[in-house]
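Containing PDB, C-alpha atoms: coords.pdb.
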MODEL        1
ATOM      1  CA  MET Z  15      18.178   7.316  34.590  1.00  0.00           C
ATOM      2  CA  ALA Z  16      14.414   7.764  34.377  1.00  0.00           C
ATOM      3  CA  ILE Z  17      12.643  11.100  34.664  1.00  0.00           C
ATOM      4  CA  PRO Z  18      10.313  11.166  37.691  1.00  0.00           C
ATOM      5  CA  ASN Z  19       6.579  11.814  37.261  1.00  0.00           C
ATOM      6  CA  VAL Z  20       6.531  10.936  33.553  1.00  0.00           C
ATOM      7  CA  LYS Z  21       3.227   9.502  32.389  1.00  0.00           C
ATOM      8  CA  ARG Z  22       2.705   7.566  29.175  1.00  0.00           C
ATOM      9  CA  TYR Z  23      -0.313   8.384  27.027  1.00  0.00           C
ATOM     10  CA  ARG Z  24      -1.569   7.066  23.692  1.00  0.00           C
ATOM     11  CA  ILE Z  25      -2.842   9.656  21.247  1.00  0.00           C
ATOM     12  CA  THR Z  26      -4.891   8.879  18.165  1.00  0.00           C
ATOM     13  CA  SER Z  27      -4.715  10.673  14.858  1.00  0.00           C
ATOM     14  CA  PRO Z  28      -7.578  13.027  13.954  1.00  0.00           C
ATOM     15  CA  ASP Z  29      -8.865  10.554  11.364  1.00  0.00           C
ATOM     16  CA  GLY Z  30      -8.660   7.720  13.906  1.00  0.00           C
ATOM     17  CA  THR Z  31      -6.443   5.376  11.892  1.00  0.00           C
ATOM     18  CA  MET Z  32      -3.208   5.521  13.895  1.00  0.00           C
ATOM     19  CA  THR Z  33      -2.080   5.720  17.500  1.00  0.00           C
ATOM     20  CA  ALA Z  34       1.220   7.007  18.843  1.00  0.00           C
ATOM     21  CA  PRO Z  35       2.836   7.013  22.284  1.00  0.00           C
ATOM     22  CA  LEU Z  36       3.328  10.304  24.103  1.00  0.00           C
ATOM     23  CA  MET Z  37       5.332  10.779  27.287  1.00  0.00           C
ATOM     24  CA  ALA Z  38       4.769  13.955  29.286  1.00  0.00           C
ATOM     25  CA  VAL Z  39       5.103  15.542  32.701  1.00  0.00           C
ATOM     26  CA  LEU Z  40       1.933  17.546  33.250  1.00  0.00           C
ATOM     27  CA  PRO Z  41       1.183  20.102  35.981  1.00  0.00           C
ATOM     28  CA  LYS Z  42      -1.433  19.179  38.566  1.00  0.00           C
ATOM     29  CA  ASP Z  43      -4.053  21.736  37.515  1.00  0.00           C
ATOM     30  CA  ILE Z  44      -4.202  20.902  33.782  1.00  0.00           C
ATOM     31  CA  ASP Z  45      -7.045  19.201  31.926  1.00  0.00           C
ATOM     32  CA  VAL Z  46      -5.440  16.008  30.604  1.00  0.00           C
ATOM     33  CA  SER Z  47      -8.008  15.257  27.892  1.00  0.00           C
ATOM     34  CA  LYS Z  48      -7.731  18.797  26.508  1.00  0.00           C
ATOM     35  CA  TYR Z  49      -3.928  18.568  26.462  1.00  0.00           C
ATOM     36  CA  LEU Z  50      -3.988  15.195  24.674  1.00  0.00           C
ATOM     37  CA  SER Z  51      -6.451  16.374  22.029  1.00  0.00           C
ATOM     38  CA  GLU Z  52      -4.308  19.458  21.364  1.00  0.00           C
ATOM     39  CA  ALA Z  53      -1.139  17.346  21.215  1.00  0.00           C
ATOM     40  CA  ALA Z  54      -2.767  14.968  18.729  1.00  0.00           C
ATOM     41  CA  GLN Z  55      -3.571  17.905  16.450  1.00  0.00           C
ATOM     42  CA  ARG Z  56      -0.002  19.267  16.614  1.00  0.00           C
ATOM     43  CA  PHE Z  57       1.632  15.854  16.166  1.00  0.00           C
ATOM     44  CA  ASP Z  58       3.349  15.234  12.799  1.00  0.00           C
ATOM     45  CA  TRP Z  59       1.448  12.107  11.733  1.00  0.00           C
ATOM     46  CA  LYS Z  60       3.024  11.943   8.259  1.00  0.00           C
ATOM     47  CA  ALA Z  61       6.580  11.844   9.624  1.00  0.00           C
ATOM     48  CA  TYR Z  62       5.552   9.278  12.249  1.00  0.00           C
ATOM     49  CA  SER Z  63       4.021   6.953   9.645  1.00  0.00           C
ATOM     50  CA  ASP Z  64       7.111   7.333   7.424  1.00  0.00           C
ATOM     51  CA  ALA Z  65       9.381   6.442  10.350  1.00  0.00           C
ATOM     52  CA  GLN Z  66       7.270   3.380  11.148  1.00  0.00           C
ATOM     53  CA  ALA Z  67       7.435   2.254   7.512  1.00  0.00           C
ATOM     54  CA  LYS Z  68      11.232   2.639   7.417  1.00  0.00           C
ATOM     55  CA  GLN Z  69      11.653   0.724  10.663  1.00  0.00           C
ATOM     56  CA  PHE Z  70      10.156  -2.467   9.274  1.00  0.00           C
ATOM     57  CA  LYS Z  71      11.501  -2.172   5.732  1.00  0.00           C
ATOM     58  CA  THR Z  72      13.069  -5.361   4.383  1.00  0.00           C
ATOM     59  CA  ARG Z  73      16.433  -5.159   2.689  1.00  0.00           C
ATOM     60  CA  VAL Z  74      16.625  -6.343  -0.882  1.00  0.00           C
ATOM     61  CA  GLY Z  75      19.708  -7.080  -2.947  1.00  0.00           C
ATOM     62  CA  GLN Z  76      22.544  -7.766  -0.509  1.00  0.00           C
ATOM     63  CA  GLN Z  77      21.944 -11.331   0.493  1.00  0.00           C
ATOM     64  CA  LYS Z  78      24.860 -13.643   1.168  1.00  0.00           C
ATOM     65  CA  GLN Z  79      26.224 -15.278  -1.937  1.00  0.00           C
ATOM     66  CA  LYS Z  80      27.213 -18.922  -2.054  1.00  0.00           C
ATOM     67  CA  LYS Z  81      30.891 -19.631  -2.581  1.00  0.00           C
ATOM     68  CA  ALA Z  82      31.658 -21.242  -5.924  1.00  0.00           C
ATOM     69  CA  LYS Z  83      33.852 -24.330  -5.716  1.00  0.00           C
TER      70      LYS Z  83
ENDMDL
END
Is it possible to express this structure as structure tokens?
Amino acid sequence: MAIPNVKRYRITSPDGTMTAPLMAVLPKDIDVSKYLSEAAQRFDWKAYSDAQAKQFKTRVGQQKQKKAK
């Protein structure tokens, strides 16, 4: 079941090399750009890049072996 009023945002790292998705429910009277810039500073960019690297890692060493006749 989806959470109502959730908005998707894309934040960029402080050095500008990476982007990450951010989902948030914000109050009506908040400055969105200020919130996103603060969230980008608090975001753990090192852990996010490590998780992205692990997600697309190729497995080595356990390929199927051919049966010997």
Which distance in Å separates atom CA of Arg22 of chain Z and atom CA of Tyr49 of chain Z, to one decimal?
->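 Pair atom CA of Arg22 of chain Z / atom CA of Tyr49 of chain Z returns 13.1 Å.
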Enumerate, as a PyMOL selection string, the residues matched when the PyMOL selection byres ((chain Z and resi 18) around 12) is run on the file above.
-> chain Z and resi 15-17+19-22+37-40
For the residues in the current selection, export C-alpha atoms as a CSV table (one decimal), keeping the file's coordinate frame.
chain,number,residue,atom,x,y,z
Z,15,MET,CA,18.2,7.3,34.6
Z,16,ALA,CA,14.4,7.8,34.4
Z,17,ILE,CA,12.6,11.1,34.7
Z,19,ASN,CA,6.6,11.8,37.3
Z,20,VAL,CA,6.5,10.9,33.6
Z,21,LYS,CA,3.2,9.5,32.4
Z,22,ARG,CA,2.7,7.6,29.2
Z,37,MET,CA,5.3,10.8,27.3
Z,38,ALA,CA,4.8,14.0,29.3
Z,39,VAL,CA,5.1,15.5,32.7
Z,40,LEU,CA,1.9,17.5,33.2
Quick one: apply the PyMOL selection byres ((chain Z and resi 54-64) around 7) to the file and drop the selected residues here as a short mmCIF file (atom, residue, chain, number, x, y, z; two decimals) with C-alpha atoms, in the coordinates of the input.
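Heads up, here's the output in part-v1.cif:
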data_model
loop_
_atom_site.label_atom_id
_atom_site.label_comp_id
_atom_site.auth_asym_id
_atom_site.auth_seq_id
_atom_site.Cartn_x
_atom_site.Cartn_y
_atom_site.Cartn_z
CA ILE Z 25 -2.84 9.66 21.25
CA THR Z 26 -4.89 8.88 18.16
CA SER Z 27 -4.72 10.67 14.86
CA PRO Z 28 -7.58 13.03 13.95
CA LEU Z 50 -3.99 15.20 24.67
CA SER Z 51 -6.45 16.37 22.03
CA GLU Z 52 -4.31 19.46 21.36
CA ALA Z 53 -1.14 17.35 21.22
CA ALA Z 65 9.38 6.44 10.35
CA GLN Z 66 7.27 3.38 11.15
CA ALA Z 67 7.44 2.25 7.51
CA LYS Z 68 11.23 2.64 7.42
#
Length of the atom CA of Asp29 of chain Z to atom CA of Val46 of chain Z vector [Å] =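 Here the two named atoms are 20.3 Å from each other.
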Take every atom of segment 44-48 of chain Z listed in the file, fit an axis-aligned box around them, add 3 Å per side, and give the centre and edge lengths in Å to one decimal as AutoDock Vina command-line options.
--center_x -6.1 --center_y 18.1 --center_z 30.1 --size_x 9.8 --size_y 11.6 --size_z 13.3
